[in-house]
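Q: Just final-v6.cif, nothing more (mmCIF, C-alpha atoms):
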```cif
data_data
#
loop_
_atom_site.group_PDB
_atom_site.id
_atom_site.type_symbol
_atom_site.label_atom_id
_atom_site.label_comp_id
_atom_site.auth_asym_id
_atom_site.auth_seq_id
_atom_site.Cartn_x
_atom_site.Cartn_y
_atom_site.Cartn_z
ATOM 1 C CA MET A 179 0.000 0.000 0.000
ATOM 2 C CA ASN A 180 1.169 3.554 -0.708
ATOM 3 C CA CYS A 181 0.783 6.857 1.181
ATOM 4 C CA SER A 182 -2.360 7.781 -0.759
ATOM 5 C CA THR A 183 -4.167 4.636 0.443
ATOM 6 C CA PHE A 184 -3.075 5.209 4.045
ATOM 7 C CA GLN A 185 -4.170 8.861 3.905
ATOM 8 C CA GLN A 186 -7.571 7.769 2.621
ATOM 9 C CA GLN A 187 -7.845 5.344 5.555
ATOM 10 C CA ILE A 188 -6.932 8.144 7.976
ATOM 11 C CA TRP A 189 -9.702 10.371 6.606
ATOM 12 C CA ASN A 190 -12.263 7.562 6.479
ATOM 13 C CA ASP A 191 -12.269 6.983 10.249
ATOM 14 C CA ALA A 192 -9.276 4.767 11.034
ATOM 15 C CA SER A 193 -11.074 3.385 14.094
ATOM 16 C CA GLN A 194 -13.320 1.352 11.811
ATOM 17 C CA LEU A 195 -10.437 -0.461 10.108
ATOM 18 C CA GLY A 196 -9.909 -4.203 10.449
ATOM 19 C CA PHE A 197 -7.057 -5.578 12.611
ATOM 20 C CA ALA A 198 -4.624 -6.201 9.725
ATOM 21 C CA GLU A 199 -5.329 -2.799 8.114
ATOM 22 C CA LYS A 200 -4.940 -1.026 11.439
ATOM 23 C CA LYS A 201 -1.605 -2.764 12.078
ATOM 24 C CA ALA A 202 -0.348 -1.830 8.607
ATOM 25 C CA LEU A 203 -1.414 1.779 9.124
ATOM 26 C CA THR A 204 0.261 2.001 12.557
ATOM 27 C CA GLU A 205 3.506 0.582 11.157
ATOM 28 C CA HIS A 206 3.357 3.024 8.232
ATOM 29 C CA LEU A 207 2.774 5.998 10.550
ATOM 30 C CA ASN A 208 5.843 4.988 12.568
ATOM 31 C CA HIS A 209 8.164 5.704 9.683
ATOM 32 C CA CYS A 210 6.253 8.139 7.411
ATOM 33 C CA ALA A 211 6.432 11.691 8.738
ATOM 34 C CA GLU A 212 4.050 13.077 6.088
ATOM 35 C CA CYS A 213 1.244 10.606 6.847
ATOM 36 C CA LYS A 214 1.852 11.026 10.587
ATOM 37 C CA ALA A 215 1.398 14.800 10.265
ATOM 38 C CA ILE A 216 -1.816 14.262 8.286
ATOM 39 C CA SER A 217 -3.035 11.813 10.918
ATOM 40 C CA HIS A 218 -2.534 14.486 13.609
ATOM 41 C CA GLN A 219 -4.351 17.078 11.484
ATOM 42 C CA VAL A 220 -7.303 14.793 10.887
ATOM 43 C CA GLU A 221 -7.404 13.957 14.592
ATOM 44 C CA ALA A 222 -7.522 17.674 15.432
ATOM 45 C CA VAL A 223 -10.334 18.283 12.932
ATOM 46 C CA GLN A 224 -12.253 15.307 14.354
ATOM 47 C CA GLN A 225 -11.798 16.647 17.911
ATOM 48 C CA LEU A 226 -13.162 20.028 16.825
ATOM 49 C CA ILE A 227 -16.153 18.401 15.113
ATOM 50 C CA ASP A 228 -16.865 16.186 18.149
ATOM 51 C CA SER A 229 -16.740 19.153 20.514
ATOM 52 C CA GLU A 230 -19.052 21.200 18.293
ATOM 53 C CA LYS A 231 -21.622 18.581 17.407
ATOM 54 C CA ASN A 232 -22.007 17.367 20.978
ATOM 55 C CA ILE A 233 -22.421 20.851 22.378
ATOM 56 C CA ASN A 234 -25.165 21.112 24.993
ATOM 57 C CA THR A 235 -28.145 23.055 23.834
ATOM 58 C CA ASP A 236 -30.182 25.171 26.155
ATOM 59 C CA ALA A 237 -32.371 22.933 28.343
ATOM 60 C CA MET A 238 -35.281 25.139 27.349
ATOM 61 C CA MET A 239 -34.498 24.913 23.630
ATOM 62 C CA SER A 240 -37.640 22.909 22.743
ATOM 63 C CA GLN A 241 -39.788 25.302 24.747
ATOM 64 C CA ARG A 242 -38.154 28.280 23.092
ATOM 65 C CA ILE A 243 -38.888 26.841 19.648
ATOM 66 C CA MET A 244 -42.455 25.943 20.619
ATOM 67 C CA ASN A 245 -43.076 29.477 21.941
ATOM 68 C CA ALA A 246 -42.032 30.784 18.521
ATOM 69 C CA ILE A 247 -44.352 28.219 16.896
ATOM 70 C CA TYR A 248 -47.347 29.229 19.036
ATOM 71 C CA ALA A 249 -46.829 32.829 17.875
ATOM 72 C CA GLU A 250 -47.214 31.645 14.265
ATOM 73 C CA PRO A 251 -50.550 31.288 12.478
ATOM 74 C CA SER A 252 -51.598 27.691 11.920
ATOM 75 C CA PRO A 253 -50.003 26.219 8.769
ATOM 76 C CA ARG A 254 -52.743 26.067 6.132
ATOM 77 C CA ASN A 255 -53.512 22.696 4.721
ATOM 78 C CA ILE A 256 -53.912 22.629 0.955
ATOM 79 C CA THR A 257 -57.667 22.141 0.691
ATOM 80 C CA TRP A 258 -59.785 22.338 -2.474
ATOM 81 C CA GLY A 259 -61.117 25.618 -1.145
ATOM 82 C CA ASN A 260 -57.860 27.563 -1.110
ATOM 83 C CA LEU A 261 -56.449 25.527 -4.041
ATOM 84 C CA SER A 262 -59.373 26.540 -6.289
ATOM 85 C CA TYR A 263 -58.886 30.164 -5.220
ATOM 86 C CA LYS A 264 -55.211 29.939 -6.172
ATOM 87 C CA LEU A 265 -56.112 28.288 -9.484
ATOM 88 C CA MET A 266 -58.631 31.041 -10.203
ATOM 89 C CA VAL A 267 -56.018 33.718 -9.560
ATOM 90 C CA ALA A 268 -53.481 31.881 -11.767
ATOM 91 C CA ALA A 269 -56.057 31.455 -14.556
ATOM 92 C CA SER A 270 -57.014 35.161 -14.397
ATOM 93 C CA VAL A 271 -53.361 36.162 -14.680
ATOM 94 C CA ALA A 272 -52.868 33.770 -17.639
ATOM 95 C CA VAL A 273 -55.945 35.177 -19.450
ATOM 96 C CA ALA A 274 -54.776 38.749 -18.807
ATOM 97 C CA ILE A 275 -51.321 37.940 -20.239
ATOM 98 C CA ALA A 276 -52.875 36.199 -23.268
ATOM 99 C CA ILE A 277 -55.153 39.167 -23.976
ATOM 100 C CA GLY A 278 -52.315 41.613 -23.394
ATOM 101 C CA THR A 279 -50.037 39.879 -25.901
ATOM 102 C CA SER A 280 -52.593 39.038 -28.585
ATOM 103 C CA LEU A 281 -54.622 42.264 -28.590
ATOM 104 C CA PRO A 282 -51.943 44.475 -30.203
ATOM 105 C CA ILE A 283 -51.466 41.834 -32.922
ATOM 106 C CA LEU A 284 -55.186 41.679 -33.609
ATOM 107 C CA LEU A 285 -55.597 45.434 -33.623
ATOM 108 C CA ASN A 286 -52.389 46.290 -35.465
ATOM 109 C CA ASN A 287 -52.940 46.203 -39.241
ATOM 110 C CA ASN A 288 -49.444 45.113 -40.268
ATOM 111 C CA SER A 289 -48.770 45.987 -43.902
ATOM 112 C CA SER A 290 -45.956 43.473 -44.445
ATOM 113 C CA GLU A 291 -48.211 40.663 -43.321
ATOM 114 C CA THR A 292 -50.884 41.930 -45.692
ATOM 115 C CA THR A 293 -48.384 41.985 -48.545
ATOM 116 C CA THR A 294 -47.344 38.423 -47.802
ATOM 117 C CA THR A 295 -50.929 37.382 -47.691
ATOM 118 C CA MET A 296 -51.602 39.176 -50.960
ATOM 119 C CA ASN A 297 -48.571 37.500 -52.562
ATOM 120 C CA GLU A 298 -49.653 34.144 -51.270
ATOM 121 C CA MET A 299 -53.107 34.794 -52.667
ATOM 122 C CA ALA A 300 -51.622 35.831 -56.010
ATOM 123 C CA TYR A 301 -49.493 32.664 -56.060
ATOM 124 C CA LEU A 302 -52.489 30.540 -55.209
ATOM 125 C CA ASP A 303 -54.491 32.259 -57.857
ATOM 126 C CA ASP A 304 -51.818 31.484 -60.482
ATOM 127 C CA VAL A 305 -51.633 27.876 -59.419
ATOM 128 C CA THR A 306 -55.387 27.588 -59.411
ATOM 129 C CA LEU A 307 -55.611 29.205 -62.786
ATOM 130 C CA GLU A 308 -52.907 26.955 -64.224
ATOM 131 C CA GLY A 309 -54.783 23.992 -62.854
ATOM 132 C CA LEU A 310 -57.974 25.253 -64.299
ATOM 133 C CA ASP A 311 -56.258 25.875 -67.637
ATOM 134 C CA SER A 312 -54.932 22.358 -67.803
ATOM 135 C CA TRP A 313 -58.299 21.025 -66.763
ATOM 136 C CA LEU A 314 -59.957 23.099 -69.417
ATOM 137 C CA ILE A 315 -57.490 21.998 -72.102
ATOM 138 C CA GLU A 316 -57.068 18.325 -71.242
ATOM 139 C CA PRO A 317 -60.609 17.067 -71.584
ATOM 140 C CA MET B 233 -47.028 7.620 15.445
ATOM 141 C CA ASN B 234 -44.843 8.378 12.417
ATOM 142 C CA ASP B 235 -43.819 11.799 11.088
ATOM 143 C CA ILE B 236 -46.555 11.853 8.439
ATOM 144 C CA ASP B 237 -49.279 11.182 11.047
ATOM 145 C CA ILE B 238 -47.847 13.944 13.253
ATOM 146 C CA ILE B 239 -47.794 16.377 10.311
ATOM 147 C CA ASN B 240 -51.388 15.516 9.388
ATOM 148 C CA ASP B 241 -52.440 16.178 12.991
ATOM 149 C CA ILE B 242 -50.662 19.548 12.984
ATOM 150 C CA LEU B 243 -52.302 20.505 9.683
ATOM 151 C CA LYS B 244 -55.671 19.698 11.236
ATOM 152 C CA GLY B 245 -54.892 22.329 13.875
ATOM 153 C CA ASN B 246 -53.126 20.388 16.629
ATOM 154 C CA ASN B 247 -49.959 22.487 16.630
ATOM 155 C CA ARG B 248 -48.812 21.090 20.004
ATOM 156 C CA LYS B 249 -47.827 17.920 18.153
ATOM 157 C CA TYR B 250 -45.013 19.883 16.498
ATOM 158 C CA GLU B 251 -43.036 19.475 19.718
ATOM 159 C CA LEU B 252 -42.645 15.778 18.843
ATOM 160 C CA LEU B 253 -40.858 16.743 15.637
ATOM 161 C CA VAL B 254 -38.793 19.393 17.443
ATOM 162 C CA ASP B 255 -37.660 16.837 20.045
ATOM 163 C CA ALA B 256 -36.886 14.238 17.397
ATOM 164 C CA TYR B 257 -34.815 16.440 15.083
ATOM 165 C CA GLN B 258 -33.520 19.303 17.238
ATOM 166 C CA ARG B 259 -30.148 17.665 17.909
ATOM 167 C CA GLN B 260 -29.453 16.915 14.238
ATOM 168 C CA VAL B 261 -30.470 20.400 13.124
ATOM 169 C CA MET B 262 -28.297 21.934 15.841
ATOM 170 C CA ALA B 263 -25.305 19.821 14.721
ATOM 171 C CA THR B 264 -25.788 20.968 11.118
ATOM 172 C CA CYS B 265 -25.976 24.598 12.210
ATOM 173 C CA MET B 266 -22.850 24.218 14.388
ATOM 174 C CA GLY B 267 -21.021 22.803 11.369
ATOM 175 C CA PHE B 268 -21.743 25.997 9.478
ATOM 176 C CA VAL B 269 -21.478 28.700 12.148
ATOM 177 C CA HIS B 270 -19.297 27.132 14.930
ATOM 178 C CA HIS B 271 -21.015 29.282 17.515
ATOM 179 C CA ARG B 272 -23.510 27.941 20.064
ATOM 180 C CA ASP B 273 -25.853 30.930 20.348
ATOM 181 C CA ASP B 274 -25.934 31.519 16.584
ATOM 182 C CA ALA B 275 -26.566 27.808 16.023
ATOM 183 C CA MET B 276 -29.431 27.863 18.542
ATOM 184 C CA ASP B 277 -31.014 30.897 16.841
ATOM 185 C CA LEU B 278 -30.658 29.197 13.464
ATOM 186 C CA THR B 279 -32.130 25.952 14.819
ATOM 187 C CA GLN B 280 -35.182 27.892 15.957
ATOM 188 C CA GLU B 281 -35.411 29.625 12.574
ATOM 189 C CA VAL B 282 -35.227 26.254 10.787
ATOM 190 C CA PHE B 283 -38.126 24.830 12.803
ATOM 191 C CA VAL B 284 -40.235 27.961 12.314
ATOM 192 C CA LYS B 285 -39.590 27.880 8.546
ATOM 193 C CA ALA B 286 -40.471 24.181 8.427
ATOM 194 C CA TYR B 287 -43.685 24.859 10.377
ATOM 195 C CA ARG B 288 -44.730 27.664 8.014
ATOM 196 C CA ALA B 289 -44.099 25.409 5.003
ATOM 197 C CA LEU B 290 -45.589 22.267 6.542
ATOM 198 C CA ALA B 291 -48.604 22.287 4.208
ATOM 199 C CA THR B 292 -46.229 22.018 1.233
ATOM 200 C CA PHE B 293 -44.509 18.924 2.651
ATOM 201 C CA GLN B 294 -45.562 16.192 0.242
ATOM 202 C CA GLY B 295 -43.904 13.221 1.901
ATOM 203 C CA LYS B 296 -41.887 12.388 -1.239
ATOM 204 C CA ALA B 297 -38.744 12.661 0.871
ATOM 205 C CA SER B 298 -38.661 11.886 4.595
ATOM 206 C CA PHE B 299 -39.247 14.723 7.052
ATOM 207 C CA ALA B 300 -35.593 14.314 8.136
ATOM 208 C CA THR B 301 -34.341 14.910 4.573
ATOM 209 C CA TRP B 302 -36.702 17.872 4.201
ATOM 210 C CA ILE B 303 -35.631 19.547 7.438
ATOM 211 C CA TYR B 304 -31.925 18.982 6.656
ATOM 212 C CA ARG B 305 -32.522 20.822 3.372
ATOM 213 C CA ILE B 306 -34.158 23.708 5.214
ATOM 214 C CA ALA B 307 -31.309 23.714 7.753
ATOM 215 C CA VAL B 308 -28.606 23.845 5.063
ATOM 216 C CA ASN B 309 -30.404 26.615 3.143
ATOM 217 C CA THR B 310 -31.032 28.635 6.305
ATOM 218 C CA CYS B 311 -27.359 28.375 7.323
ATOM 219 C CA LEU B 312 -26.117 29.346 3.855
ATOM 220 C CA GLU B 313 -28.512 32.292 3.789
ATOM 221 C CA HIS B 314 -27.276 33.350 7.245
ATOM 222 C CA LEU B 315 -23.622 33.107 6.118
ATOM 223 C CA ARG B 316 -24.332 35.161 2.990
ATOM 224 C CA LYS B 317 -25.940 37.888 5.079
ATOM 225 C CA LYS B 318 -23.053 37.724 7.523
ATOM 226 C CA LYS B 319 -20.491 37.970 4.717
ATOM 227 C CA LYS B 320 -21.984 41.328 3.769
ATOM 228 C CA LYS B 321 -21.321 42.566 7.291
ATOM 229 C CA GLN B 322 -17.866 40.953 7.317
ATOM 230 C CA THR B 323 -15.949 43.964 8.582
ATOM 231 C CA LEU B 324 -18.014 44.151 11.736
ATOM 232 C CA TRP B 325 -18.003 40.378 12.069
ATOM 233 C CA LEU B 326 -14.201 40.120 11.899
ATOM 234 C CA PHE B 327 -14.025 42.679 14.669
ATOM 235 C CA ASP B 328 -16.202 40.470 16.896
ATOM 236 C CA GLN B 329 -14.902 37.120 15.754
ATOM 237 C CA GLY B 330 -12.494 36.544 18.638
ATOM 238 C CA ASN B 331 -15.304 36.519 21.177
ATOM 239 C CA ASP B 332 -17.900 34.900 18.978
ATOM 240 C CA ARG B 333 -16.670 31.419 18.451
ATOM 241 C CA MET B 334 -16.581 28.401 20.755
ATOM 242 C CA GLU B 335 -14.940 28.988 24.081
ATOM 243 C CA PRO B 336 -11.905 26.834 24.874
ATOM 244 C CA SER B 337 -11.761 24.449 27.799
ATOM 245 C CA HIS B 338 -10.809 26.052 31.121
ATOM 246 C CA THR B 339 -8.700 23.133 32.380
ATOM 247 C CA GLN B 340 -5.473 24.255 30.690
ATOM 248 C CA THR B 341 -2.874 26.946 31.229
ATOM 249 C CA PRO B 342 -3.690 30.342 29.720
ATOM 250 C CA GLN B 343 -0.896 30.023 27.126
ATOM 251 C CA HIS B 344 -1.933 26.527 26.076
ATOM 252 C CA GLU B 345 -5.541 27.679 26.076
ATOM 253 C CA ALA B 346 -4.704 30.577 23.757
ATOM 254 C CA GLU B 347 -2.810 28.256 21.408
ATOM 255 C CA GLN B 348 -5.688 25.786 21.379
ATOM 256 C CA ASN B 349 -8.147 28.579 20.750
ATOM 257 C CA GLU B 350 -6.086 29.854 17.828
ATOM 258 C CA LEU B 351 -5.737 26.348 16.425
ATOM 259 C CA GLN B 352 -9.470 25.786 16.766
ATOM 260 C CA GLN B 353 -10.184 28.992 14.861
ATOM 261 C CA GLN B 354 -7.755 27.987 12.133
ATOM 262 C CA LEU B 355 -9.456 24.605 11.796
ATOM 263 C CA GLN B 356 -12.873 26.285 11.646
ATOM 264 C CA SER B 357 -11.594 28.694 8.984
ATOM 265 C CA ALA B 358 -10.215 25.761 6.975
ATOM 266 C CA ILE B 359 -13.664 24.096 6.998
ATOM 267 C CA ASP B 360 -15.388 27.413 6.226
ATOM 268 C CA SER B 361 -13.155 28.108 3.245
ATOM 269 C CA LEU B 362 -14.290 24.973 1.410
ATOM 270 C CA PRO B 363 -16.375 25.596 -1.720
ATOM 271 C CA GLU B 364 -20.098 25.644 -0.846
ATOM 272 C CA ASN B 365 -21.126 22.179 -2.103
ATOM 273 C CA GLN B 366 -18.048 20.511 -0.612
ATOM 274 C CA ARG B 367 -18.756 22.218 2.677
ATOM 275 C CA ILE B 368 -22.395 21.071 2.742
ATOM 276 C CA ALA B 369 -21.373 17.472 1.995
ATOM 277 C CA PHE B 370 -18.583 17.624 4.598
ATOM 278 C CA VAL B 371 -20.840 19.051 7.345
ATOM 279 C CA LEU B 372 -23.611 16.526 6.684
ATOM 280 C CA SER B 373 -21.079 13.701 6.644
ATOM 281 C CA LYS B 374 -18.987 14.673 9.667
ATOM 282 C CA TYR B 375 -21.320 16.672 11.920
ATOM 283 C CA ASP B 376 -24.522 14.761 11.236
ATOM 284 C CA GLU B 377 -22.838 11.465 10.341
ATOM 285 C CA LEU B 378 -25.265 10.985 7.463
ATOM 286 C CA PRO B 379 -24.570 8.176 5.005
ATOM 287 C CA GLN B 380 -23.741 9.238 1.448
ATOM 288 C CA ALA B 381 -27.169 8.081 0.199
ATOM 289 C CA GLU B 382 -28.954 10.456 2.606
ATOM 290 C CA ILE B 383 -26.562 13.328 1.791
ATOM 291 C CA ALA B 384 -27.373 12.694 -1.875
ATOM 292 C CA ARG B 385 -31.107 12.991 -1.123
ATOM 293 C CA VAL B 386 -30.614 16.212 0.887
ATOM 294 C CA MET B 387 -28.429 17.767 -1.805
ATOM 295 C CA MET B 388 -30.576 16.332 -4.605
ATOM 296 C CA MET B 389 -27.642 14.760 -6.441
ATOM 297 C CA THR B 390 -26.286 11.289 -7.074
ATOM 298 C CA GLU B 391 -24.318 9.302 -4.508
ATOM 299 C CA GLY B 392 -21.359 9.320 -6.885
ATOM 300 C CA ALA B 393 -21.412 13.120 -6.976
ATOM 301 C CA VAL B 394 -21.496 13.256 -3.161
ATOM 302 C CA GLU B 395 -18.574 10.842 -2.905
ATOM 303 C CA SER B 396 -16.605 13.004 -5.299
ATOM 304 C CA LEU B 397 -17.489 16.152 -3.301
ATOM 305 C CA LEU B 398 -16.331 14.506 -0.065
ATOM 306 C CA GLN B 399 -13.045 13.373 -1.599
ATOM 307 C CA ARG B 400 -12.370 16.867 -2.906
ATOM 308 C CA ALA B 401 -13.365 18.412 0.433
ATOM 309 C CA LYS B 402 -10.877 16.179 2.270
ATOM 310 C CA LYS B 403 -8.109 16.953 -0.248
ATOM 311 C CA ASN B 404 -8.778 20.689 0.042
ATOM 312 C CA LEU B 405 -8.838 20.527 3.835
ATOM 313 C CA GLN B 406 -5.602 18.570 3.826
ATOM 314 C CA LYS B 407 -3.964 21.245 1.666
ATOM 315 C CA LYS B 408 -5.160 24.026 3.950
ATOM 316 C CA LEU B 409 -4.165 22.160 7.079
ATOM 317 C CA SER B 410 -0.697 21.226 5.845
ATOM 318 C CA SER B 411 0.296 24.857 6.245
ATOM 319 C CA LEU B 412 -0.674 24.581 9.917
ATOM 320 C CA ALA B 413 1.370 21.394 10.418
ATOM 321 C CA LYS B 414 3.764 23.064 12.831
ATOM 322 C CA GLU B 415 0.920 23.810 15.209
ATOM 323 C CA PHE B 416 -0.004 20.158 15.773
#
```
Rewrite the structure from the file as structure tokens, please.

A:
Amino acid sequence: MNCSTFQQQIWNDASQLGFAEKKALTEHLNHCAECKAISHQVEAVQQLIDSEKNINTDAMMSQRIMNAIYAEPSPRNITWGNLSYKLMVAASVAVAIAIGTSLPILLNNNSSETTTTMNEMAYLDDVTLEGLDSWLIEP
Amino acid sequence: MNDIDIINDILKGNNRKYELLVDAYQRQVMATCMGFVHHRDDAMDLTQEVFVKAYRALATFQGKASFATWIYRIAVNTCLEHLRKKKKKQTLWLFDQGNDRMEPSHTQTPQHEAEQNELQQQLQSAIDSLPENQRIAFVLSKYDELPQAEIARVMMMTEGAVESLLQRAKKNLQKKLSSLAKEF
């Protein structure tokens, strides 16, 4: 095993290693200064974490939280009553947006669109006429 | 009575039942908050804020994830929000920092105590300087001792991504700590 493997073992809680792995790690730490230094660093970090996560909370902590909760209005359950109200509001907003975006298009007499439509009509007319011509000639 | 039954009771108006959830998850939420702020009073305030936020949003809890996963998410977001606000007031915060963080043990000599206190602050700073996602994964793994699968659910990512985040967090911490090697 190399230093990288040992360092991984150090970080991944060396106390959970098997007997043989633990022995190999201990022997390695006895002659590898770099891994030994890392082991000390990890130990210090773990000590800090243990001291912080096991800190005693205020004995009245639950009560303090519950006092804050009692000052709050009751959380509203999502019932059909308030859901339908919300849906109505959402639908009204959607309709307003749809009207707002489509109204200018409907009201605005856009000349370029008219031209295109006229051209399309002219093209269709030609095609129709050609078709009619051929129909008139062929029989 | 499971968490879902308790929540249903609360939503029917029995808000006293919320104390059952507070008692069940208070310790874990506090540990998460300590991992982010390293200060008892701040962590207690944040723990309270987390439970109030969860209570306000209780009607939106759909039970797709467990209540534990849901409240861890709220805890992480509340802590990150708190740190962002605090970062804005950093000048004032740095001025107060010496008194703010965890007090050292009183069983040692004043000099040793001061050294330990300084070391503790350096370790806290090393954890705090991790990139946000690495820090979240590290706190949930080390402070809350959550398995990678649960961290993945809290962070809404794959287990593989969490494993990668934890590896990078450890490497980054190691780099930062190597400069402190003389202190150990």

Q: Return as a PyMOL selection string the residues belonging to chain A that are within 9 Å of chain B, counting only C-alpha atoms.

A: chain A and resi 186+189+215-216+218-220+222-224+226-228+230-236+239-244+246-248+250-256

Q: Okay, now the selection with C-alpha atoms, as a compact mmCIF listing (two decimals), in the coordinates of the input?

A:
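The resulting selection31.txt:
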```txt
# COMPACT_ATOMS: atom_id res chain seq x y z
CA GLN A 186 -7.57 7.77 2.62
CA TRP A 189 -9.70 10.37 6.61
CA ALA A 215 1.40 14.80 10.26
CA ILE A 216 -1.82 14.26 8.29
CA HIS A 218 -2.53 14.49 13.61
CA GLN A 219 -4.35 17.08 11.48
CA VAL A 220 -7.30 14.79 10.89
CA ALA A 222 -7.52 17.67 15.43
CA VAL A 223 -10.33 18.28 12.93
CA GLN A 224 -12.25 15.31 14.35
CA LEU A 226 -13.16 20.03 16.82
CA ILE A 227 -16.15 18.40 15.11
CA ASP A 228 -16.86 16.19 18.15
CA GLU A 230 -19.05 21.20 18.29
CA LYS A 231 -21.62 18.58 17.41
CA ASN A 232 -22.01 17.37 20.98
CA ILE A 233 -22.42 20.85 22.38
CA ASN A 234 -25.16 21.11 24.99
CA THR A 235 -28.14 23.06 23.83
CA ASP A 236 -30.18 25.17 26.16
CA MET A 239 -34.50 24.91 23.63
CA SER A 240 -37.64 22.91 22.74
CA GLN A 241 -39.79 25.30 24.75
CA ARG A 242 -38.15 28.28 23.09
CA ILE A 243 -38.89 26.84 19.65
CA MET A 244 -42.46 25.94 20.62
CA ALA A 246 -42.03 30.78 18.52
CA ILE A 247 -44.35 28.22 16.90
CA TYR A 248 -47.35 29.23 19.04
CA GLU A 250 -47.21 31.64 14.26
CA PRO A 251 -50.55 31.29 12.48
CA SER A 252 -51.60 27.69 11.92
CA PRO A 253 -50.00 26.22 8.77
CA ARG A 254 -52.74 26.07 6.13
CA ASN A 255 -53.51 22.70 4.72
CA ILE A 256 -53.91 22.63 0.96
```

Q: Find the distance between atom CA of B:Leu398 and atom CA of B:Gln366 and write it in Å to one decimal.

A: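 Here the two named atoms are 6.3 Å from each other.
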
Q: If you measure from atom CA of B:Asn309 to atom CA of B:Ala384, what distance in Å do you get, rounded to one decimal?

A: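 Separation between atom CA of B:Asn309 and atom CA of B:Ala384: 15.1 Å.
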
Q: Would you list the contacts of stretch 203-206 of chain A as a count of residues only, taking every protein, DNA or RNA residue within 10 Å and counting only C-alpha atoms, but skipping same-chain residues closer than 3 positions in sequence?

A: 19

Q: Give me, please, the distance in Å between atom CA of B:Ile303 and atom CA of B:Ala256, quoted to one decimal.

A: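 Atom-to-atom, atom CA of B:Ile303 to atom CA of B:Ala256, that is 11.4 Å.
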
Q: Edge lengths and centre in Å to one decimal, as lines of an AutoDock Vina configuration file, of the axis-aligned box that encloses all listed atoms of stretch 347-355 of chain B with 4 Å added on every side?

A:
```
center_x = -6.5
center_y = 27.2
center_z = 16.6
size_x = 15.4
size_y = 13.2
size_z = 17.6
```
